[in-house]
Each structure stands twice: as C-alpha cells, then as structure tokens.
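Here's the structure, in structure tokens; my notes come after.
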Amino acid sequence: MLQFLVDALLRTADLALITLGLSMLYGLIRFPNIAHVQYAMCGAFLAYAINSAGAPLIVSVVLASILTGLLTLVIQLLVFDRLLKSGPAIAMIGSLAVSMVLVASVLGIAGSFPHMFSLPHTEPLIIGDARISHTQLWFVLTTLVLLTLFVLLLFHTQVGRAMRALACNPALADASGLNASRITNGVTFISGMLAGLGGSMLSLSTGAHVNLGYDLLLPVFAAAILGGLGNPIGAVAGAALIALTETAVTNINFGPLLGETLVFLPVSYISAASFLILLLALLFKPYGLFDREVRRV
Amino acid sequence: MYDFLIFTITIAGIYAIMALGLNVLAGYGGLLNFGHIAFAGIGVYATGIAHARGWPVLVGIPLGMIAAMILGWAMARLGRRLAADYWGIATLAVAEILRTVALNEDELTGGANGITGIPGLFESVASPWDQVYFSAVVLGIVAVTAFFSARLGDGRFGRALRLMREQPALAACMGYNLQKIKSHAIMCGGAITALAGSLYAHYFNFAGTEFMLAAETFVLWTMVMIGGMGRTAGVLLGVILVQAVYAFVPFLRDLLGFGSDVAGALRLGLIGAILLICLLWRREGLLPEKLRNPA
Amino acid sequence: MTQSILEVNGLAKSFGAFQVLQDVRFEISKGDIVGLLGPNGSGKSTLLNIISGFIAPDRGSVLLDGKSIASTPTFRIVKEGLARTFQLPSMPQKMSVLEVAMAADTRMHGVMSTLIKGPSMRKAERATHERAMHLLDELLLTKVSHLPASAISGGQKKLLGIVCALMARPRLLMLDEPTAGVHPNLRQDIVRALHRLNEQGMTLVIVEHDMHFIREACNRCIVLDQGHIVASCKPQELTANERVVQAYLGSTVAEAEVQMEVIEQ
C-alpha cells in the first residue's frame with residue numbers, strides 16, 4: 001500500500017512542474033502549446049550535457065532550467081506571437097511544427113539512445129514496505145519546495161497578483177497600468193523554466209531520451225485540463241489525479257472480478273488510462289474539475 | 001533505380017489518398033483532427049484482421065471504411081461542445097488509445113508483432129510487374145479520389161462545409177445542421193483515409209502499429225498545409241514535396257555517410273521546418289484556395 | 001380575423017444578475033410589417049436572438065404558427081420558415097458573394113448527392129444559381145457578385161445578409177437594423193423591396209432606430225424599454241405616446257412640452 005502511494009507521489013512529481021508551467025502559460029496565451037513538453041525534453045538534454053561537461057548535478061539542473069526558460073521565451077517571441085495573430089488553431093499547428101524541429105534537433109545531435117546520468121550508486125531507502133531511491137526522494141522534495149514557493153509567489157507577492165490579474169482579464173489589467181507584454185514574457189520564461197526543471201529532474205531517473213517529451217504529452221495535457229487551464233493549484237491537483245489513476249490502474253488486481261487469482265492490466269495500458277481520463281474530462285468537464293479555468297470564449 | 005522509383009511513386013500515391021481524406025475535414029471543413037492517422041490504422045488492421053481470420057482479404061477494404069465511418073461519427077460527437085483546439089487534443093488521445101489497444105490485444109491484432117503475410121494485390125503476377133500494376137492501381141485511385149474530392153468541394157456539400165468553416169453562425173442561420181455536416185465530413189474523410197490504409201497493408205504485406213504514431217498525422221497535416229488547404233491540386237503538390245524530402249534524405253545519407261538517427265532527424269526536422277516556414281510566411285500554402293465562381 | 005404567425009408569451013431572460021427581458025408578450029399577425037423599437041439596452045437584440053434560436057429563454061413561450069420554437073436550435077427554426085439577418089454581418093473571406101448567396105439554398109446538400117451529381121442535382125444548382133442572381137439583382141449586388149464576400153462594404157454585407165435570408169423563402173423575416181450604415185439612396189430601394197415581399201405574403205419584423213424608415217415601411221410598432229413592452233401602436237401614434245417618449249427622452253410628453261416652453265422663453 002505504501003509503495004502504491006510512493007509510486008503515485010513519484011509520478012505526480014514527474015508531471016507536476018511541467019503541468020504547472022503549461023497551465024500558467026495557457027491563461028495568458030490562450031492556445032494549447034504542444035511544444036511545451038518538448039521544452040522539458042530539451043531541459044533534460046541540457047542538464048545531461050552540462051553535467052557531462054563536468055558541472056555538479058545541482059548546477060547542471062539549475063542552469064538547464066534557465067536555458068530552457070530562455071529557449072521558451074525566444075520561441076514565443078519569434079514564432080508564437082506571430083502565429084497567434086492568425087488565431088489559436090494556427091498557433092497550435094505551429095506548436096506542432098516547433099515540436100518536430102526540437103525533436104529532430106535533439107535526435108540529430110544526441111541520437112536515439114537514452115543518456116543516463118552517472119549518479120552515485122546508493123541503496124534505495126526503505127520506508128515501511130516501500131522502496132524509494134535517493135534520487136527519487138530528492139526529486140519529490142525539490143518539487144514540493146518549488147511548488148510551495150511558486151504558490152507563495154502567485155498569491156502573496158505583487159508580481160504574482162499581476163500575473164493572475166492579467167490571466168483573468170487582460171483588458172482591465174492593461175487599463176490599470178500593468179505592463180501586459182512584460183508580464184507575459186515573464187510568465188513564458190518561468191513556464192519554460194518549470195518545464196526544464198521538471199524534465200531534467202525526471203531524466204535523472206529515466207535518462208535523457210528523445211521520446212521524453214512525447215511520452216508526457218497526453219498525461220500533462222490531461223492533468224492541466226482536469227485541473228482547469230490557468231489554475232495553478234488545479235494543475236498540481238490534476239497531476240496528482242492522473243498519477244493516482246495511472247498507478248492504480250496497473251496495480252489493481254482485477255483477478256477477483258474475473259474469477260482468477262492474478263489479473264493485471266498490461267503496463268502499456270497506463271498511457272491509455274490517462275488518455276481515457278483526458279477524453280472523459282473533455283467530454284464532461286472541459287473547464288476542469290474545479291471549474292475555475294480562465295475561460296477563453 | 002526503377003525499383004526505387006516505383007516504390008516512391010506507390011508510397012506517394014498512398015499518402016496522397018490519405019491526405020485527400022484529411023483535406024475533406026481539415027481543408028474544406030477547418031476541423032483540427034490531430035488523430036487522423038487512426039483512420040489509416042483502421043484500414044491497415046481491417047485488412048490485416050481479415051487476412052488473419054481467413055476471410056477473403058479484399059473484404060478488409062469495405063470493412064475498414066465502415067469501421068472508419070463509425071469512428072468518425074464518434075469523433076464528431078466528441079466535438080459537439082468542444083472548442084476546435086481542445087477537440088484536436090481529444091482526437092490525438094483517441095488515436096493514441098487505439099494504438100495502445102492495437103499494441104496490446106495480441107489475439108486480435110498480433111500485438112507488437114503485427115499481422116504478417118498479407119497478400120499483395122497481384123500475387124500471381126511475376127515481379128517486377130506486380131509492383132508496376134500495384135502502382136498503377138494506386139495512381140488510378142488517386143486520380144479518382146482527386147476528381148471526387150474536387151467535386152465534393154465545389155458542390156453543395158463543400159459549399160456548406162466551407163461556409164461552416166468560416167462563418168458558423170451564418171451557416172446556422174441559413175438552416176444548416178452544423179453537427180451533422182461536421183459528422184459527415186469526418187466520416188467521409190476517414191473512409192477515404194481508411195481505404196489508403198488497406199492499400200498500405202497490401203503493399204507492405206504487413207499490419208503493425210509503427211504506422212499509427214501521431215507523428216504520421218503530423219506528416220499528413222504538413223502535406224495538406226504546405227500544398228494548400230482546401231484545394232485538391234494544392235494537397236497533391238504538398239504530397240509530392242514532402243515525399244521528395246523523404247526520398248531525398250536517403251540519397252543524402254548515402255552521399256554524406258551519416259547514421260540512421262541523423263537521417264531520421266533530418267526527415268523530421270525538414271518537414272517541421274517547412275511547415276513552420278509555411279505557417280509564418282505562406283499560411284494558406286503554395287496553392288491557396290481559389291475563390292469559386294459557380295457558372 | 002387575421003391569423004397570428006408569431007406569439008410571444010411571458011418571455012424572460014437574465015444574464016447573471018442582469019434581467020434583460022421581463023414578461024415580454026406580444027403577437028404578430030400574418031402580413032404585418034412590424035417595427036421593433038427601443039433605446040439601446042432595451043433588450044431588442046436578446047429578443048431577436050431568443051426568437052431565432054441563438055439563445056434559450058429562462059421562461060416563456062414562442063409560438064411560430066402555433067408551434068413552439070423556444071429553446072429549439074436555430075437551424076430547425078429556419079426550416080420552420082423563420083429567418084433573420086444580423087446587424088453587423090461578417091462574411092466569409094474565401095467565398096464569393098454569389099457562392100454565399102447560393103449556399104443559402106440548403107436543399108440537397110448531402111455528401112452522396114454532391115458526389116454523384118445526377119441530373120436532379122444539376123437542375124437544382126441551375127435553379128439556385130438563377131434565384132441567387134435574381135435576388136442579388138433586386139438588392140443591387142450584381143456588380144460585386146464575383147468579389148470575396150468579406151471584401152464588400154458593410155452596407156453591402158447587410159444586403160447580402162438579406163439575400164441569404166430570402167433564399168430560404170421564409171414566411172417570417174426578422175431584420176436587425178437593415179438600414180444603419182446603408183447609403184441613403186439605397187434605403188428607398190430597400191423599403192420598396194420590403195413592401196414587394198410583404199405583398200407576396202411575407203411577414204416582416206424590423207428592428208430599427210430610424211423613425212422615418214419605420215413610418216414609411218411599417219404598419220405597426222412595438223416599443224421595448226428595459227426589458228418590457230411599453231407600447232404597441234401605429235407608427236404615427238409613436239410621438240404622442242407618453243411611454244415611448246419617456247423611454248427615448250427620459251421624460252413625459254407634458255414635461256417635454258414644459259421644457260420646450262422654458263427654452264423658448
């Protein structure tokens with residue numbers, strides 16, 4: 001049972017930061033950016049590259065996140081700002097094209113094999129009947145700290161208030177003197193940083209691989225939509241829900257239902273589970289479970 | 001050399017049929033279906049399953065088309081209250097679910113190994129003529145599909161669809177049932193793409209899931225957008241351009257001697273770059289949709 | 001006894017805390033040309049949107065020829081014989097004026113009949129083409145029929161909107177400010193065209209601000225103010241009606257007369 005919770009917690013940590021970044025940015029730019037998960041992948045590879053060049057792990061991760069944030073900002077300014085003038089549909093197709101270019105670049109430079117970080121080998125911690133490696137524990141704790149910091153930023157600072165005001169009502173925010181483009185650029189940078197952070201920390205366990213972004217696409221979108229796009233706390237809650245479902249789906253023994261001792265869903269059905277939740281979410285609650293999404297008419 | 005040419009032409013032809021299918025709902029209808037490849041997958045597996053079950057293999061073609069129409073209807077219903085881009089993500093999810101099911105249901109689909117040994121269309125003919133005949137059949141189907149696709153777009157259904165694409169409120173005011181039109185467009189486009197899927201299975205004698213990756217839908221989208229959305233000639237041009245890139249990369253690889261990862265990256269990157277450039281500078285494609293003036 | 005074609009009863013609609021329509025009740029007889037007036041914010045657009053099926057009312061009923069159409073989707077209402085135009089119509093960019101007009105004929109638009117294009121389809125297309133050209137001519141749009149529909153002027157777009165509404169051969173046509181932004185020379189032509197349509201049996205409801213137009217075109221007026229019907233009378237009686245004056249000028253007729261006296265002194 002504890003292992004189940006640990007697994008769910010780990011998966012939540014995998015998704016939370018990236019989902020948060022996506023959700024925050026959506027409130028301001030109003031189109032689903034498919035390339036967002038590829039920013040996470042870029043973060044992972046950047047962290048690997050910097051680490052391989054000799055930098056300590058923490059420095060690599062932080063530096064990679066900052067670089068990813070910059071990359072996100074540059075792409076937003078050069079590409080998406082222009083495409084958005086033609087509408088969210090074109091911007092979404094554009095994000096598709098950007099994804100392709102990002103994946104292709106990484107694939108060409110780094111190849112298709114996962115690049116594992118050389119981490120000190122330590123015995124996993126054992127808590128109760130659950131096992132968790134040091135890296136994973138560090139990951140979860142860091143994520144928790146970052147999320148708390150972020151929520152504090154959003155709700156208890158002037159900058160955070162400005163961000164939320166802009167997301168709720170751009171015209172009014174603009175009229176009351178907030179500099180919309182500066183805030184949007186700031187949020188873009190932060191969202192990219194979060195994606196880079198999430199991606200690089202995730203890759204500590206799985207290695208940096210080209211499919212990292214694509215594998216996250218539907219779970220992250222499912223989480224973001226469930227939580228309500230633009231709702232930061234909802235994003236984390238959505239990530240937790242998706243993580244729980246994924247863990248539950250493959251850990252539940254359906255045997256008793258089918259009159260056998262052990263029947264589990266195949267592991268590859270994990271992804272199908274989150275996609276199904278996404279579909280159900282879109283069908284019944286397209287504005288999120290908490291219905292506090294920043295509405296786009 | 002000729003083998004490669006015939007291969008390229010046949011593949012281009014199969015993609016052309018798929019792209020023409022996508023054009024009906026995306027080009028004429030403006031519907032953002034990012035899971036369109038699922039229809040091709042249905043065609044591929046319909047033929048594969050027909051073969052695996054011992055049925056006459058050509059039965060796979062109409063079976064696939066009917067199954068595609070059912071899926072199309074379901075996708076349309078999904079979109080009843082969803083904004084266009086949300087629906088795009090939903091269709092992506094549908095395609096991924098189908099792919100996961102195909103990958104896992106060994107009994108039905110052969111799982112990760114797929115279904116092999118699907119006969120080609122001209123089994124009794126000696127090589128290389130069987131390839132040539134196949135190629136001719138595919139090209140013939142492309143021509144017929146292009147003809148009917150243009151007729152659909154210029155005719156009453158196309159007019160209604162295009163009006164819905166640009167001014168849905170006006171279309172509703174005229175008395176059009178938008179949900180029904182969307183549904184029919186998706187079903188029509190899906191059926192066409194499923195046909196191409198069946199041809200694909202016959203050509204490669206194999207039904208597997210590698211083909212159903214979302215990346216393939218993106219290739220189709222690129223073909224339709226680069227060439228010219230909503231214009232049959234444009235779509236065909238887009239197919240030729242993308243296929244040219246695809247065929248060009250192996251040549252480059254032989255010439256410069258880089259590995260398969262780089263080759264894959266180059267293909268993907270070139271397509272992505274072309275799509276991006278197209279969106280930024282020629283949003284309507286190389287052959288934009290023309291104004292129609294009914295005589 | 002003239003038959004009533006439209007009966008509205010107890011209609012109410014609020015958006016959040018804002019009550020836009022309260023207990024709206026009126027009846028329109030076949031062959032009427034009714035002017036629907038009211039100051040800005042009186043609820044005219046909402047009323048039009050409810051009757052034409054774009055919004056559902058909170059309460060009340062709308063009967064078209066005795067058949068309830070409240071909360072029915074727009075396309076079904078159009079099939080029942082009710083059509084409407086928009087105040088600021090936006091038109092497609094990639095379709096010509098003629099194509100848009102032809103699209104307004106919604107018969108036979110199925111996939112199979114389009115693909116097969118048999119003799120009945122060809123005949124229908126010819127007939128639609130002819131009718132579209134005829135209506136475009138009536139509303140003086142022949143010269144621009146080959147242009148993209150989004151490229152014509154705002155006034156011309158309004159006229160195109162009327163053409164589209166007429167293609168459906170409605171029994172009741174509702175026009176939303178048909179002359180605002182239209183060249184004054186054109187207004188006479190529109191009045192004449194509307195009278196012609198009325199003689200052929202069409203009932204018209206016209207939302208308008210222009211009093212002259214109302215007096216020339218309509219045989220009856222309904223005045224809306226703050227979500228209520230405040231008057232239902234002939235156009236000539238409008239200025240004498242206390243409640244109408246109050247709605248528009250914010251004072252009673254007597255007060256207005258006193259004010260005039262004060263100014264003149």
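Residues are named by chain letter and number: chains run A, B, ... in the order of the structure tokens, numbers start at 1 in each chain, and ligands are numbered from 1 in the order shown.
Within the 7 Å cut-off around Gly64 (chain B), using only C-alpha atoms and omitting residues fewer than 2 positions from it on the same chain, the listed residues are B:Ile42, B:Gly43, B:Ala46, B:Gly60, B:Ile61, B:Pro62, B:Ile66, B:Ala67, B:Ala68, B:Ala194.
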Can you list every residue in region 35-72 of chain B that DSSP puts in helix (DSSP H, G or I), as a VMD selection string?
-> chain B and resid 37 to 52 57 to 72
With N, CA and C atoms retained, export the selected residues as a short mmCIF file (atom, residue, chain, number, x, y, z; two decimals), in the first residue's frame.
data_model
loop_
_atom_site.label_atom_id
_atom_site.label_comp_id
_atom_site.auth_asym_id
_atom_site.auth_seq_id
_atom_site.Cartn_x
_atom_site.Cartn_y
_atom_site.Cartn_z
N ILE B 37 -4.61 9.86 -38.26
CA ILE B 37 -3.91 8.64 -38.66
C ILE B 37 -4.65 7.39 -38.17
N ALA B 38 -5.47 7.57 -37.14
CA ALA B 38 -6.24 6.42 -36.64
C ALA B 38 -7.07 5.79 -37.75
N PHE B 39 -7.58 6.61 -38.65
CA PHE B 39 -8.38 6.07 -39.75
C PHE B 39 -7.54 5.17 -40.65
N ALA B 40 -6.31 5.62 -40.92
CA ALA B 40 -5.42 4.79 -41.73
C ALA B 40 -5.14 3.48 -41.00
N GLY B 41 -4.90 3.60 -39.69
CA GLY B 41 -4.64 2.41 -38.89
C GLY B 41 -5.80 1.43 -38.95
N ILE B 42 -7.02 1.97 -38.94
CA ILE B 42 -8.20 1.10 -39.03
C ILE B 42 -8.21 0.36 -40.35
N GLY B 43 -7.86 1.06 -41.43
CA GLY B 43 -7.81 0.41 -42.73
C GLY B 43 -6.76 -0.68 -42.75
N VAL B 44 -5.58 -0.35 -42.20
CA VAL B 44 -4.49 -1.31 -42.17
C VAL B 44 -4.91 -2.58 -41.42
N TYR B 45 -5.48 -2.38 -40.24
CA TYR B 45 -5.83 -3.54 -39.42
C TYR B 45 -7.07 -4.27 -39.92
N ALA B 46 -7.98 -3.55 -40.57
CA ALA B 46 -9.15 -4.24 -41.12
C ALA B 46 -8.69 -5.29 -42.12
N THR B 47 -7.76 -4.87 -42.98
CA THR B 47 -7.22 -5.82 -43.97
C THR B 47 -6.43 -6.92 -43.27
N GLY B 48 -5.62 -6.51 -42.27
CA GLY B 48 -4.82 -7.49 -41.55
C GLY B 48 -5.66 -8.53 -40.85
N ILE B 49 -6.69 -8.05 -40.15
CA ILE B 49 -7.55 -8.97 -39.41
C ILE B 49 -8.32 -9.87 -40.36
N ALA B 50 -8.76 -9.31 -41.50
CA ALA B 50 -9.47 -10.13 -42.48
C ALA B 50 -8.57 -11.28 -42.94
N HIS B 51 -7.31 -10.96 -43.14
CA HIS B 51 -6.37 -11.99 -43.57
C HIS B 51 -6.15 -13.01 -42.47
N ALA B 52 -5.95 -12.51 -41.24
CA ALA B 52 -5.65 -13.40 -40.12
C ALA B 52 -6.82 -14.33 -39.83
N VAL B 57 -9.42 -11.50 -48.45
CA VAL B 57 -8.69 -10.36 -47.91
C VAL B 57 -9.21 -9.00 -48.40
N LEU B 58 -9.80 -9.01 -49.59
CA LEU B 58 -10.29 -7.72 -50.10
C LEU B 58 -11.47 -7.19 -49.29
N VAL B 59 -12.07 -8.09 -48.51
CA VAL B 59 -13.17 -7.67 -47.64
C VAL B 59 -12.70 -6.60 -46.65
N GLY B 60 -11.39 -6.64 -46.38
CA GLY B 60 -10.83 -5.67 -45.45
C GLY B 60 -11.09 -4.24 -45.87
N ILE B 61 -11.15 -4.01 -47.17
CA ILE B 61 -11.31 -2.63 -47.64
C ILE B 61 -12.65 -2.03 -47.23
N PRO B 62 -13.77 -2.63 -47.62
CA PRO B 62 -15.04 -2.04 -47.18
C PRO B 62 -15.22 -2.08 -45.67
N LEU B 63 -14.70 -3.16 -45.04
CA LEU B 63 -14.79 -3.26 -43.59
C LEU B 63 -14.09 -2.10 -42.92
N GLY B 64 -12.88 -1.83 -43.40
CA GLY B 64 -12.11 -0.72 -42.84
C GLY B 64 -12.83 0.60 -43.02
N MET B 65 -13.42 0.79 -44.19
CA MET B 65 -14.08 2.06 -44.46
C MET B 65 -15.30 2.24 -43.55
N ILE B 66 -16.04 1.15 -43.35
CA ILE B 66 -17.20 1.26 -42.47
C ILE B 66 -16.78 1.51 -41.04
N ALA B 67 -15.74 0.78 -40.58
CA ALA B 67 -15.25 1.00 -39.22
C ALA B 67 -14.77 2.44 -39.06
N ALA B 68 -14.11 2.95 -40.10
CA ALA B 68 -13.62 4.34 -40.05
C ALA B 68 -14.79 5.30 -39.94
N MET B 69 -15.86 5.03 -40.63
CA MET B 69 -17.02 5.93 -40.57
C MET B 69 -17.62 5.92 -39.16
N ILE B 70 -17.62 4.75 -38.55
CA ILE B 70 -18.15 4.69 -37.19
C ILE B 70 -17.27 5.51 -36.25
N LEU B 71 -15.95 5.32 -36.37
CA LEU B 71 -15.04 6.11 -35.54
C LEU B 71 -15.22 7.60 -35.81
N GLY B 72 -15.38 7.93 -37.08
CA GLY B 72 -15.55 9.34 -37.46
C GLY B 72 -16.78 9.93 -36.81
#
All strand (DSSP E or B) residues (DSSP, backbone) inside region 60-260 of chain A, as a list in words = His115, Leu125, Ile126, Ile127, Ala130, Arg131, Ile132 and Ala208 of chain A
Export of the given selection (C-alpha atoms) as a short mmCIF file (atom, residue, chain, number, x, y, z; two decimals), in the first residue's frame:
data_model
loop_
_atom_site.label_atom_id
_atom_site.label_comp_id
_atom_site.auth_asym_id
_atom_site.auth_seq_id
_atom_site.Cartn_x
_atom_site.Cartn_y
_atom_site.Cartn_z
CA HIS A 115 21.58 9.11 -21.97
CA LEU A 125 15.71 3.80 1.15
CA ILE A 126 13.18 1.51 2.69
CA ILE A 127 10.21 3.07 4.45
CA ALA A 130 8.12 0.80 0.17
CA ARG A 131 11.39 1.43 -1.60
CA ILE A 132 12.49 4.75 -2.96
CA ALA A 208 17.53 11.85 -21.18
#
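With only C-alpha atoms taken into account, the protein and nucleic acid residues at most 9 Å from Leu163 (chain B) (excluding it and anything under 5 positions from it in its own chain) are Gly29, Gly158, Pro168, Leu170 and Ala171 of chain B; Pro92, Lys94, Met95, Val100 and Ala103 of chain C.
Interatomic distance, CA of Leu70 (chain A) against CA of Asn185 (chain A): 10.1 Å.
Counting only C-alpha atoms and comparing C:Gln87, C:Ser4, C:Thr203, C:Ser45, the residue that lies closest to Leu173 (chain C) is C:Thr203.
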Quick one: pull the distance between CA of Phe34 (chain B) and CA of Gly88 (chain B), Å, one decimal.
->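 Taking CA of Phe34 (chain B) and CA of Gly88 (chain B), their separation equals 5.3 Å.
Between CA of Gly196 (chain A) and CA of Thr72 (chain A) lies a distance of 9.6 Å.
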Using only C-alpha atoms, determine which residues of chain C fall within 6 Å of chain B; present them as number ranges by chain.
-> C: 75, 78, 92, 94-95, 104, 109-111, 114-115
